[in-house]
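Have a look at work.csv; it's CSV, C-alpha atoms and all ligand atoms:
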chain,number,residue,atom,x,y,z
A,35,MET,CA,-4.2,-10.4,19.2
A,36,GLU,CA,-1.5,-13.0,19.1
A,37,ASN,CA,-0.3,-13.4,15.5
A,38,ASN,CA,-2.1,-16.3,14.0
A,39,GLN,CA,-0.5,-15.5,10.6
A,40,PRO,CA,3.1,-16.4,11.2
A,41,LEU,CA,3.7,-16.3,7.4
A,42,ARG,CA,3.0,-12.6,7.1
A,43,GLU,CA,4.3,-9.7,9.2
A,44,PRO,CA,1.7,-7.0,9.4
A,45,ILE,CA,2.5,-3.9,7.4
A,46,ILE,CA,1.1,-0.5,8.2
A,47,ALA,CA,1.9,2.3,5.7
A,48,GLY,CA,1.0,6.0,5.8
A,49,ASN,CA,0.2,7.5,2.5
A,50,TRP,CA,0.7,11.2,3.0
A,51,LYS,CA,-0.7,12.1,-0.4
A,52,MET,CA,-0.2,15.7,-1.5
A,53,ASN,CA,0.4,16.9,2.1
A,54,THR,CA,3.4,18.2,4.1
A,55,THR,CA,6.2,20.6,3.2
A,56,VAL,CA,9.8,19.4,3.8
A,57,HIS,CA,9.7,21.0,7.2
A,58,GLU,CA,6.4,19.4,8.2
A,59,SER,CA,7.6,16.0,6.9
A,60,ILE,CA,10.7,16.1,9.0
A,61,ARG,CA,8.7,17.2,12.1
A,62,LEU,CA,6.2,14.4,11.6
A,63,VAL,CA,8.8,11.7,10.9
A,64,THR,CA,11.0,12.8,13.8
A,65,GLU,CA,8.0,12.4,16.1
A,66,LEU,CA,7.1,9.0,14.7
A,67,LYS,CA,10.6,7.8,15.1
A,68,THR,CA,10.6,8.5,18.8
A,69,ARG,CA,7.1,7.2,19.4
A,70,LEU,CA,7.5,4.0,17.4
A,71,LEU,CA,10.9,3.1,18.8
A,72,ASN,CA,11.0,-0.6,19.6
A,73,THR,CA,7.9,-1.4,17.6
A,74,LYS,CA,7.9,-5.1,17.2
A,75,ASP,CA,6.2,-7.5,14.8
A,76,VAL,CA,4.9,-4.7,12.6
A,77,GLU,CA,6.6,-3.3,9.5
A,78,VAL,CA,6.0,0.5,9.4
A,79,VAL,CA,6.3,2.5,6.2
A,80,VAL,CA,5.7,6.2,5.4
A,81,ALA,CA,5.0,7.6,1.9
A,82,PRO,CA,5.7,11.3,1.8
A,83,PRO,CA,5.4,13.4,-1.3
A,84,PHE,CA,8.4,13.3,-3.7
A,85,THR,CA,9.7,16.6,-2.5
A,86,SER,CA,10.2,15.2,1.0
A,87,LEU,CA,11.6,11.8,0.2
A,88,HIS,CA,15.2,12.7,0.5
A,89,SER,CA,14.9,14.5,3.9
A,90,VAL,CA,12.6,11.8,5.3
A,91,ALA,CA,15.0,9.0,4.1
A,92,ILE,CA,17.9,10.8,5.9
A,93,ALA,CA,15.9,11.4,9.0
A,94,LEU,CA,15.0,7.7,9.1
A,95,GLN,CA,18.5,6.3,8.5
A,96,ASP,CA,18.8,5.0,12.0
A,97,SER,CA,15.2,3.8,12.3
A,98,GLU,CA,13.2,0.7,11.4
A,99,ILE,CA,10.6,2.8,9.6
A,100,LYS,CA,10.8,2.3,5.8
A,101,VAL,CA,10.2,4.9,3.1
A,102,SER,CA,7.8,4.6,0.1
A,103,ALA,CA,7.2,6.8,-2.9
A,104,GLN,CA,3.6,7.4,-4.0
A,105,ASN,CA,4.2,6.8,-7.7
A,106,LEU,CA,6.9,6.4,-10.3
A,107,PHE,CA,7.3,6.6,-14.1
A,108,TRP,CA,8.0,3.6,-16.2
A,109,GLU,CA,10.9,5.0,-18.3
A,110,GLU,CA,14.4,5.1,-16.8
A,111,ASP,CA,15.4,8.6,-17.9
A,112,GLY,CA,14.9,11.1,-20.7
A,113,ALA,CA,12.6,13.8,-21.9
A,114,TYR,CA,9.6,13.2,-19.6
A,115,THR,CA,9.1,16.6,-17.9
A,116,GLY,CA,7.8,16.3,-14.4
A,117,GLU,CA,8.2,12.6,-14.0
A,118,ILE,CA,10.3,10.6,-11.5
A,119,SER,CA,12.0,7.3,-12.4
A,120,GLY,CA,12.6,4.1,-10.4
A,121,SER,CA,16.3,4.6,-10.3
A,122,MET,CA,15.8,8.1,-8.7
A,123,LEU,CA,13.7,6.5,-6.0
A,124,SER,CA,16.0,3.6,-5.2
A,125,ASP,CA,18.9,6.0,-5.1
A,126,LEU,CA,17.0,8.0,-2.4
A,127,GLY,CA,16.6,5.0,-0.2
A,128,CYS,CA,13.0,4.1,-1.0
A,129,GLU,CA,12.1,0.6,-0.4
A,130,TYR,CA,8.4,0.7,-1.5
A,131,VAL,CA,6.4,2.5,-4.1
A,132,ILE,CA,2.6,2.8,-4.2
A,133,ILE,CA,1.2,2.0,-7.6
A,134,GLY,CA,-2.3,2.4,-9.1
A,135,HIS,CA,-3.9,4.3,-6.2
A,136,SER,CA,-7.5,5.1,-7.1
A,137,GLU,CA,-6.8,8.8,-7.0
A,138,ARG,CA,-4.2,8.3,-9.8
A,139,ARG,CA,-6.7,6.1,-11.7
A,140,GLN,CA,-9.4,8.8,-11.2
A,141,TYR,CA,-7.5,12.0,-11.8
A,142,PHE,CA,-4.5,11.1,-13.8
A,143,GLN,CA,-5.7,8.5,-16.3
A,144,GLU,CA,-3.9,5.6,-14.7
A,145,THR,CA,-5.0,2.4,-16.5
A,146,ALA,CA,-4.3,-1.3,-16.1
A,147,GLU,CA,-1.6,-0.9,-18.8
A,148,THR,CA,0.2,2.0,-17.0
A,149,VAL,CA,-0.1,0.2,-13.7
A,150,ARG,CA,1.5,-2.9,-15.3
A,151,LYS,CA,4.4,-0.8,-16.7
A,152,ARG,CA,5.0,0.9,-13.4
A,153,ILE,CA,5.0,-2.4,-11.5
A,154,GLN,CA,7.6,-3.8,-13.9
A,155,LYS,CA,9.8,-0.8,-13.6
A,156,ALA,CA,9.5,-0.8,-9.8
A,157,LEU,CA,10.7,-4.4,-9.8
A,158,ASP,CA,13.5,-3.7,-12.1
A,159,PHE,CA,14.9,-1.3,-9.5
A,160,LYS,CA,14.2,-3.6,-6.6
A,161,LEU,CA,11.4,-1.4,-5.3
A,162,LYS,CA,8.6,-3.3,-3.6
A,163,PRO,CA,5.3,-2.3,-5.2
A,164,ILE,CA,2.2,-1.6,-3.1
A,165,LEU,CA,-0.5,-2.3,-5.7
A,166,CYS,CA,-3.8,-0.6,-5.0
A,167,ILE,CA,-7.0,-2.1,-6.2
A,168,GLY,CA,-10.6,-1.4,-5.3
A,169,GLU,CA,-14.2,-0.9,-6.5
A,170,THR,CA,-16.3,2.2,-6.7
A,171,LEU,CA,-19.6,2.5,-4.8
A,172,GLY,CA,-21.6,2.0,-8.1
A,173,GLU,CA,-19.6,-1.2,-8.8
A,174,ARG,CA,-20.3,-2.5,-5.3
A,175,GLU,CA,-24.0,-1.8,-5.6
A,176,LYS,CA,-24.1,-3.6,-8.9
A,177,LYS,CA,-22.4,-6.5,-7.2
A,178,GLN,CA,-19.3,-6.2,-9.5
A,179,THR,CA,-16.7,-5.9,-6.7
A,180,LEU,CA,-15.0,-9.3,-7.1
A,181,GLN,CA,-15.0,-9.1,-10.9
A,182,ILE,CA,-13.4,-5.6,-10.7
A,183,LEU,CA,-10.7,-6.8,-8.3
A,184,GLU,CA,-10.0,-9.8,-10.5
A,185,THR,CA,-9.6,-7.6,-13.6
A,186,GLN,CA,-7.4,-5.1,-11.8
A,187,LEU,CA,-5.1,-7.9,-10.6
A,188,LYS,CA,-5.0,-9.8,-13.8
A,189,GLU,CA,-4.4,-6.8,-16.1
A,190,GLY,CA,-2.1,-5.0,-13.7
A,191,LEU,CA,0.1,-8.0,-13.3
A,192,ARG,CA,-0.1,-9.5,-16.8
A,193,GLY,CA,3.2,-10.8,-18.1
A,194,ILE,CA,5.2,-9.9,-15.0
A,195,ASP,CA,7.6,-12.5,-13.7
A,196,ARG,CA,5.9,-14.3,-10.8
A,197,GLN,CA,9.1,-14.8,-8.9
A,198,GLU,CA,9.8,-11.1,-8.8
A,199,LEU,CA,6.3,-10.4,-7.5
A,200,GLU,CA,6.9,-12.1,-4.2
A,201,THR,CA,7.9,-8.7,-2.7
A,202,MET,CA,4.6,-7.1,-3.7
A,203,VAL,CA,2.0,-5.9,-1.3
A,204,VAL,CA,-1.6,-5.7,-2.4
A,205,ALA,CA,-3.7,-2.8,-0.9
A,206,TYR,CA,-7.5,-3.4,-1.2
A,207,GLU,CA,-9.0,0.1,-1.0
A,208,PRO,CA,-12.7,0.4,-1.8
A,209,VAL,CA,-13.0,3.8,-3.5
A,210,TRP,CA,-16.1,4.6,-1.5
A,211,ALA,CA,-14.2,4.3,1.8
A,212,ILE,CA,-11.2,6.5,0.9
A,213,GLY,CA,-11.3,9.8,2.8
A,214,THR,CA,-15.0,9.5,3.4
A,215,GLY,CA,-15.1,8.3,7.0
A,216,LYS,CA,-16.9,5.1,5.8
A,217,THR,CA,-14.9,2.1,6.4
A,218,ALA,CA,-15.6,-1.3,5.0
A,219,SER,CA,-16.9,-3.5,7.9
A,220,PRO,CA,-14.4,-6.1,9.0
A,221,GLU,CA,-16.6,-8.8,7.4
A,222,GLN,CA,-16.8,-6.9,4.1
A,223,ALA,CA,-13.0,-6.4,4.1
A,224,GLN,CA,-12.4,-10.1,4.9
A,225,GLU,CA,-14.7,-11.2,2.2
A,226,THR,CA,-12.7,-9.3,-0.5
A,227,HIS,CA,-9.4,-10.1,1.1
A,228,ALA,CA,-10.2,-13.8,1.1
A,229,PHE,CA,-11.1,-13.5,-2.6
A,230,ILE,CA,-7.8,-11.7,-3.3
A,231,ARG,CA,-5.9,-14.4,-1.4
A,232,GLN,CA,-7.5,-17.1,-3.4
A,233,TRP,CA,-6.6,-15.3,-6.6
A,234,LEU,CA,-3.0,-14.9,-5.5
A,235,ILE,CA,-2.8,-18.6,-4.6
A,236,ALA,CA,-4.3,-19.6,-7.9
A,237,HIS,CA,-1.9,-17.4,-9.7
A,238,PHE,CA,1.3,-17.8,-7.7
A,239,GLY,CA,0.9,-21.2,-6.0
A,240,LYS,CA,0.1,-21.8,-2.4
A,241,ASP,CA,3.4,-21.0,-0.9
A,242,LYS,CA,3.8,-17.6,-2.5
A,243,GLY,CA,0.1,-16.7,-2.6
A,244,GLU,CA,0.0,-17.2,1.2
A,245,LYS,CA,3.0,-15.0,1.8
A,246,ILE,CA,1.9,-11.9,-0.1
A,247,ARG,CA,0.5,-9.4,2.2
A,248,ILE,CA,-2.9,-7.7,1.7
A,249,GLN,CA,-3.5,-4.4,3.3
A,250,TYR,CA,-6.8,-2.7,3.8
A,251,GLY,CA,-7.2,1.0,3.0
A,252,GLY,CA,-10.1,3.4,3.4
A,253,SER,CA,-10.7,5.6,6.5
A,254,VAL,CA,-8.6,3.4,8.8
A,255,LYS,CA,-8.5,5.1,12.2
A,256,PRO,CA,-7.3,4.2,15.7
A,257,ASP,CA,-10.8,3.1,16.6
A,258,ASN,CA,-11.4,0.6,13.8
A,259,ILE,CA,-7.9,-0.9,13.1
A,260,LYS,CA,-8.1,-3.6,15.8
A,261,LYS,CA,-11.3,-5.2,14.5
A,262,LEU,CA,-10.0,-5.0,10.9
A,263,MET,CA,-6.7,-6.6,11.9
A,264,GLU,CA,-8.5,-9.5,13.6
A,265,GLN,CA,-9.6,-10.7,10.1
A,266,PRO,CA,-7.4,-13.6,9.0
A,267,ASP,CA,-6.6,-12.3,5.5
A,268,LEU,CA,-6.0,-8.7,6.6
A,269,ASP,CA,-2.2,-8.1,6.9
A,270,GLY,CA,-2.1,-4.4,7.5
A,271,ALA,CA,-3.4,-1.1,6.4
A,272,LEU,CA,-2.7,1.7,4.0
A,273,VAL,CA,-3.6,4.8,6.0
A,274,GLY,CA,-4.3,8.3,4.4
A,275,GLY,CA,-5.7,11.0,6.6
A,276,ALA,CA,-4.9,9.4,10.0
A,277,SER,CA,-1.2,9.0,9.0
A,278,LEU,CA,-0.7,12.8,9.0
A,279,LEU,CA,-0.8,13.0,12.8
A,280,ALA,CA,1.8,11.2,14.8
A,281,ASP,CA,-0.7,10.4,17.5
A,282,SER,CA,-3.2,8.6,15.3
A,283,PHE,CA,-0.7,6.9,13.2
A,284,THR,CA,1.1,5.6,16.3
A,285,GLN,CA,-2.1,4.3,17.7
A,286,ILE,CA,-2.8,2.5,14.4
A,287,VAL,CA,0.7,0.9,14.3
A,288,ARG,CA,0.3,-0.2,17.9
A,289,PHE,CA,-3.1,-1.8,17.3
A,290,LYS,CA,-2.1,-4.9,19.3
A,291,GLU,CA,-1.7,-2.9,22.5
I,301,LIG,P1,-7.9,7.5,3.9
I,301,LIG,O1,-7.0,7.2,2.6
I,301,LIG,O2,-7.3,6.7,5.1
I,301,LIG,O3,-7.8,9.0,4.1
I,301,LIG,O4,-9.3,7.1,3.6
I,301,LIG,C1,-6.5,5.9,2.4
I,301,LIG,C2,-5.7,5.9,1.1
I,301,LIG,O5,-6.2,6.6,0.1
I,301,LIG,O6,-4.7,5.3,0.9
Rewrite the structure from the file as structure tokens, please.
Amino acid sequence: MENNQPLREPIIAGNWKMNTTVHESIRLVTELKTRLLNTKDVEVVVAPPFTSLHSVAIALQDSEIKVSAQNLFWEEDGAYTGEISGSMLSDLGCEYVIIGHSERRQYFQETAETVRKRIQKALDFKLKPILCIGETLGEREKKQTLQILETQLKEGLRGIDRQELETMVVAYEPVWAIGTGKTASPEQAQETHAFIRQWLIAHFGKDKGEKIRIQYGGSVKPDNIKKLMEQPDLDGALVGGASLLADSFTQIVRFKE
């Protein structure tokens, strides 16, 4: 597909979740580096677990592939056993950080308020937030999808400087599609992405709202990426399971070929 969205470079990110030892991370990223050499017109990001960030950032120093963390804490330092701060991440060479993933909302009591604090702290350290939003199956069946998305956007971004949010990426990830093999149809995804786009335009103004990229996430695979990416408001993908194999992630990144 020739890019009919000159405003927005597609962004494909691999969320490795709680997978890969340091050794495995280096092996995966070394393979990706070779396979994705000379990738054009697509921004590629990998999000390894915290333990591998340093090694992966070093392995990618001479590469175009960017590094993301999967979370951060909103305080800068201090007595917060087990937490990782924004300054630690930017010091490691992270450019992005995933915030508010549904697994964090589901298992770790992430709320709109904690999402908002994390986003603010990410921006303070010049990290680009990948803000995840999405509805559950029950919410979709009750036709609450758009209302849920609006609440997650509104509350997650409340009070944050609009100028700073230009670097943000929004990841629409229907919870029922994550890790289930059920992908939203391209039409379903476009419907929600168009809604998110309208919200961003209403909130940020036309110029900025049209520049913010909206990724789709939830069982993205080599065989469904192309159709998804044909949708006008789909600017990339946040890929879980299929990002753990160099072969499938490469095919997803090279969706245009
Ligand atoms: P999945 O995960 O591709 O394995 O469904 C996506 C995500 O959770 O970001």
- Task: Would you kindly return, as a PyMOL selection string, each protein, DNA or RNA residue with an atom no farther than 8 Å from any atom of A:Ser102, considering only C-alpha atoms and excluding same-chain residues fewer than 5 positions away?
- Result: chain A and resi 79-82+128-132
- ligand LIG 301 (chain I): which residues are within 9 Å, counting all atoms listed in the file, as a VMD selection string? chain A and resid 47 to 51 135 to 137 166 205 207 209 to 217 250 to 255 271 to 277
- Students should find that atom CA of A:Lys242 and atom CA of A:Glu200 are spaced 6.5 Å
- Task: Could you tell me which of A:Ser219, A:Ser124, A:Thr185, A:Gln140 comes closest to A:Lys260 if we count all atoms listed in the file?
- Result: A:Ser219
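Nearest to A:Phe283 of all the residues A:Ile194, A:Ala156, A:Ile46, A:Ala228 is A:Ile46, counting only C-alpha atoms.
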- Message: Env of A:Gly134: 12 Å cut, atoms = only C-alpha atoms, seq-sep filter 6 positions within chain, self excluded. Answer as a VMD selection string.
- Response: chain A and resid 104 to 107 140 to 153 163 to 168 186 to 187 189 to 191 204 to 207
- Task: For A:Asp125, list every protein, DNA or RNA residue within 10 Å, evaluated using only C-alpha atoms, and leave out those in the same chain fewer than 5 positions away; present the list as a PyMOL selection string.
- Result: chain A and resi 88+120+159
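Compared by their closest atoms to A:His227, and using all atoms listed in the file, the residues A:Thr201, A:Thr179, A:Thr55, A:Asn258 rank with A:Thr179 nearest.
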- Message: My list of candidates is A:Pro256, A:Leu70, A:Asp75, A:Gln154. Which is closest to A:Glu109 when distances are computed with all atoms listed in the file?
- Response: A:Gln154
- Message: Nearest residue to A:Ala91 out of A:Ala223, A:Ile60, A:Ala280, A:Leu41, using all atoms listed in the file?
- Response: A:Ile60
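Taking atom CA of A:Trp108 and atom CA of A:Lys155 as the two end points, the separation is 5.4 Å.
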- Query: For the atom pair atom CA of A:Leu180 and atom CA of A:His237, what is the interatomic distance in Å to one decimal place?
  - Reply: 15.6 Å
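Among A:Pro208, A:Lys100, A:Glu221, A:Leu157, the residue with the shortest atom-to-atom distance to A:Glu173, counting only C-alpha atoms, is A:Pro208.
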Excluding A:Arg231 and any residue of its chain fewer than 5 positions from it, enumerate the residues within 10 Å of it, using only C-alpha atoms, and give them as a PDB file with C-alpha atoms, in the coordinates of the input.
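For reference, part-v9.pdb as written:
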ATOM      1  CA  VAL A 204      -1.600  -5.700  -2.400  1.00  0.00           C
ATOM      2  CA  THR A 226     -12.700  -9.300  -0.500  1.00  0.00           C
ATOM      3  CA  ALA A 236      -4.300 -19.600  -7.900  1.00  0.00           C
ATOM      4  CA  HIS A 237      -1.900 -17.400  -9.700  1.00  0.00           C
ATOM      5  CA  LYS A 240       0.100 -21.800  -2.400  1.00  0.00           C
ATOM      6  CA  GLY A 243       0.100 -16.700  -2.600  1.00  0.00           C
ATOM      7  CA  GLU A 244       0.000 -17.200   1.200  1.00  0.00           C
ATOM      8  CA  LYS A 245       3.000 -15.000   1.800  1.00  0.00           C
ATOM      9  CA  ILE A 246       1.900 -11.900  -0.100  1.00  0.00           C
ATOM     10  CA  ARG A 247       0.500  -9.400   2.200  1.00  0.00           C
ATOM     11  CA  ILE A 248      -2.900  -7.700   1.700  1.00  0.00           C
ATOM     12  CA  ASP A 267      -6.600 -12.300   5.500  1.00  0.00           C
ATOM     13  CA  LEU A 268      -6.000  -8.700   6.600  1.00  0.00           C
TER      14      LEU A 268
END
